[in-house]
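Below is query.cif, holding mmCIF, C-alpha atoms.
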```cif
data_run
loop_
_atom_site.group_PDB
_atom_site.id
_atom_site.type_symbol
_atom_site.label_atom_id
_atom_site.label_comp_id
_atom_site.auth_asym_id
_atom_site.auth_seq_id
_atom_site.Cartn_x
_atom_site.Cartn_y
_atom_site.Cartn_z
ATOM 1 C CA MET Y 1 -50.261 56.045 -36.813
ATOM 2 C CA LYS Y 2 -52.234 53.182 -38.326
ATOM 3 C CA LYS Y 3 -54.754 53.772 -41.055
ATOM 4 C CA GLN Y 4 -58.290 53.411 -39.756
ATOM 5 C CA ILE Y 5 -60.337 50.859 -41.662
ATOM 6 C CA ARG Y 6 -64.078 51.436 -41.980
ATOM 7 C CA TYR Y 7 -66.284 48.374 -41.962
ATOM 8 C CA SER Y 8 -69.752 48.504 -43.440
ATOM 9 C CA PRO Y 9 -72.758 48.090 -41.132
ATOM 10 C CA GLU Y 10 -73.483 44.776 -42.883
ATOM 11 C CA VAL Y 11 -70.043 43.413 -41.992
ATOM 12 C CA ARG Y 12 -70.447 44.545 -38.389
ATOM 13 C CA LYS Y 13 -73.877 42.922 -38.071
ATOM 14 C CA ARG Y 14 -72.632 39.704 -39.642
ATOM 15 C CA ALA Y 15 -69.641 39.543 -37.292
ATOM 16 C CA VAL Y 16 -71.809 40.125 -34.212
ATOM 17 C CA ARG Y 17 -74.323 37.535 -35.414
ATOM 18 C CA LEU Y 18 -71.534 35.010 -35.961
ATOM 19 C CA LEU Y 19 -70.287 35.600 -32.435
ATOM 20 C CA TYR Y 20 -73.732 35.079 -30.906
ATOM 21 C CA GLU Y 21 -74.288 31.922 -32.956
ATOM 22 C CA HIS Y 22 -70.908 30.293 -32.325
ATOM 23 C CA GLN Y 23 -69.632 31.474 -28.938
ATOM 24 C CA GLY Y 24 -70.864 28.245 -27.303
ATOM 25 C CA GLU Y 25 -68.328 26.328 -29.388
ATOM 26 C CA TYR Y 26 -65.402 28.073 -27.661
ATOM 27 C CA GLU Y 27 -63.941 27.973 -24.145
ATOM 28 C CA SER Y 28 -64.697 31.644 -23.572
ATOM 29 C CA GLN Y 29 -66.215 34.631 -25.308
ATOM 30 C CA TRP Y 30 -62.719 36.047 -25.829
ATOM 31 C CA ALA Y 31 -61.632 32.883 -27.684
ATOM 32 C CA ALA Y 32 -64.689 33.242 -29.922
ATOM 33 C CA LEU Y 33 -63.943 36.932 -30.458
ATOM 34 C CA GLU Y 34 -60.372 36.200 -31.525
ATOM 35 C CA SER Y 35 -61.378 33.428 -33.910
ATOM 36 C CA ILE Y 36 -64.238 35.277 -35.587
ATOM 37 C CA ALA Y 37 -62.353 38.584 -35.740
ATOM 38 C CA SER Y 38 -59.509 36.928 -37.631
ATOM 39 C CA LYS Y 39 -62.007 35.588 -40.175
ATOM 40 C CA ILE Y 40 -63.648 38.998 -40.608
ATOM 41 C CA GLY Y 41 -60.326 40.843 -40.832
ATOM 42 C CA CYS Y 42 -60.604 43.019 -37.735
ATOM 43 C CA THR Y 43 -59.111 42.818 -34.245
ATOM 44 C CA ALA Y 44 -60.772 40.997 -31.373
ATOM 45 C CA GLU Y 45 -61.061 44.293 -29.492
ATOM 46 C CA THR Y 46 -62.901 45.900 -32.403
ATOM 47 C CA LEU Y 47 -65.363 43.023 -32.534
ATOM 48 C CA ARG Y 48 -65.779 43.174 -28.750
ATOM 49 C CA LYS Y 49 -66.760 46.838 -29.030
ATOM 50 C CA TRP Y 50 -69.282 46.022 -31.771
ATOM 51 C CA VAL Y 51 -70.797 43.306 -29.577
ATOM 52 C CA ARG Y 52 -71.043 45.614 -26.558
ATOM 53 C CA GLN Y 53 -72.700 48.302 -28.692
ATOM 54 C CA SER Y 54 -75.129 45.738 -30.067
ATOM 55 C CA GLU Y 55 -75.999 44.687 -26.508
ATOM 56 C CA THR Y 56 -76.605 48.335 -25.607
ATOM 57 C CA ASP Y 57 -78.784 48.845 -28.674
ATOM 58 C CA GLN Y 58 -80.856 45.781 -27.743
ATOM 59 C CA GLY Y 59 -81.302 46.978 -24.147
ATOM 60 C CA ILE Y 60 -79.237 44.107 -22.708
ATOM 61 C CA ARG Y 61 -76.504 46.453 -21.460
ATOM 62 C CA ALA Y 62 -76.861 49.933 -19.998
ATOM 63 C CA GLY Y 63 -75.609 52.877 -22.012
ATOM 64 C CA MET Y 64 -76.427 55.079 -24.974
ATOM 65 C CA SER Y 65 -77.747 53.325 -28.032
ATOM 66 C CA THR Y 66 -76.821 54.327 -31.546
#
```

The structure given in the file should be rewritten as structure tokens.
Amino acid sequence: MKKQIRYSPEVRKRAVRLLYEHQGEYESQWAALESIASKIGCTAETLRKWVRQSETDQGIRAGMST
């Protein structure tokens, strides 16, 4: 079992902000996720989940906000 790494809320916000700011520079959102996640030190799937939660919190996506 892998050790779970906890990222601070500041790191999460920064990573999501970077994705929103730079996703137009990539072929797809997934390509942007992979690139930015590697720079932050997390997986692309982790960053994708943070982005989806951010969209929910902003009311862009349906679901429970945090």

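Once the PyMOL selection byres ((chain Y and resi 40) around 12) is applied to the shown structure, the selection contains Y:Tyr7, Y:Ser8, Y:Glu10, Y:Val11, Y:Arg12, Y:Lys13, Y:Arg14, Y:Ala15, Y:Val16, Y:Arg17, Y:Leu18, Y:Leu19, Y:Leu33, Y:Glu34, Y:Ser35, Y:Ile36, Y:Ala37, Y:Ser38, Y:Lys39, Y:Gly41, Y:Cys42, Y:Thr43, Y:Ala44, Y:Thr46, Y:Leu47.
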
Problem set entry | For atom CA of Arg52 of chain Y and atom CA of Tyr20 of chain Y, the interatomic separation in Å (one decimal) |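 If I compute the distance from atom CA of Arg52 of chain Y to atom CA of Tyr20 of chain Y, I get 11.7 Å.
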
Problem set entry | Atom-to-atom span, atom CA of Val51 of chain Y and atom CA of Gln29 of chain Y, Å |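 Those two atoms sit 10.7 Å apart.
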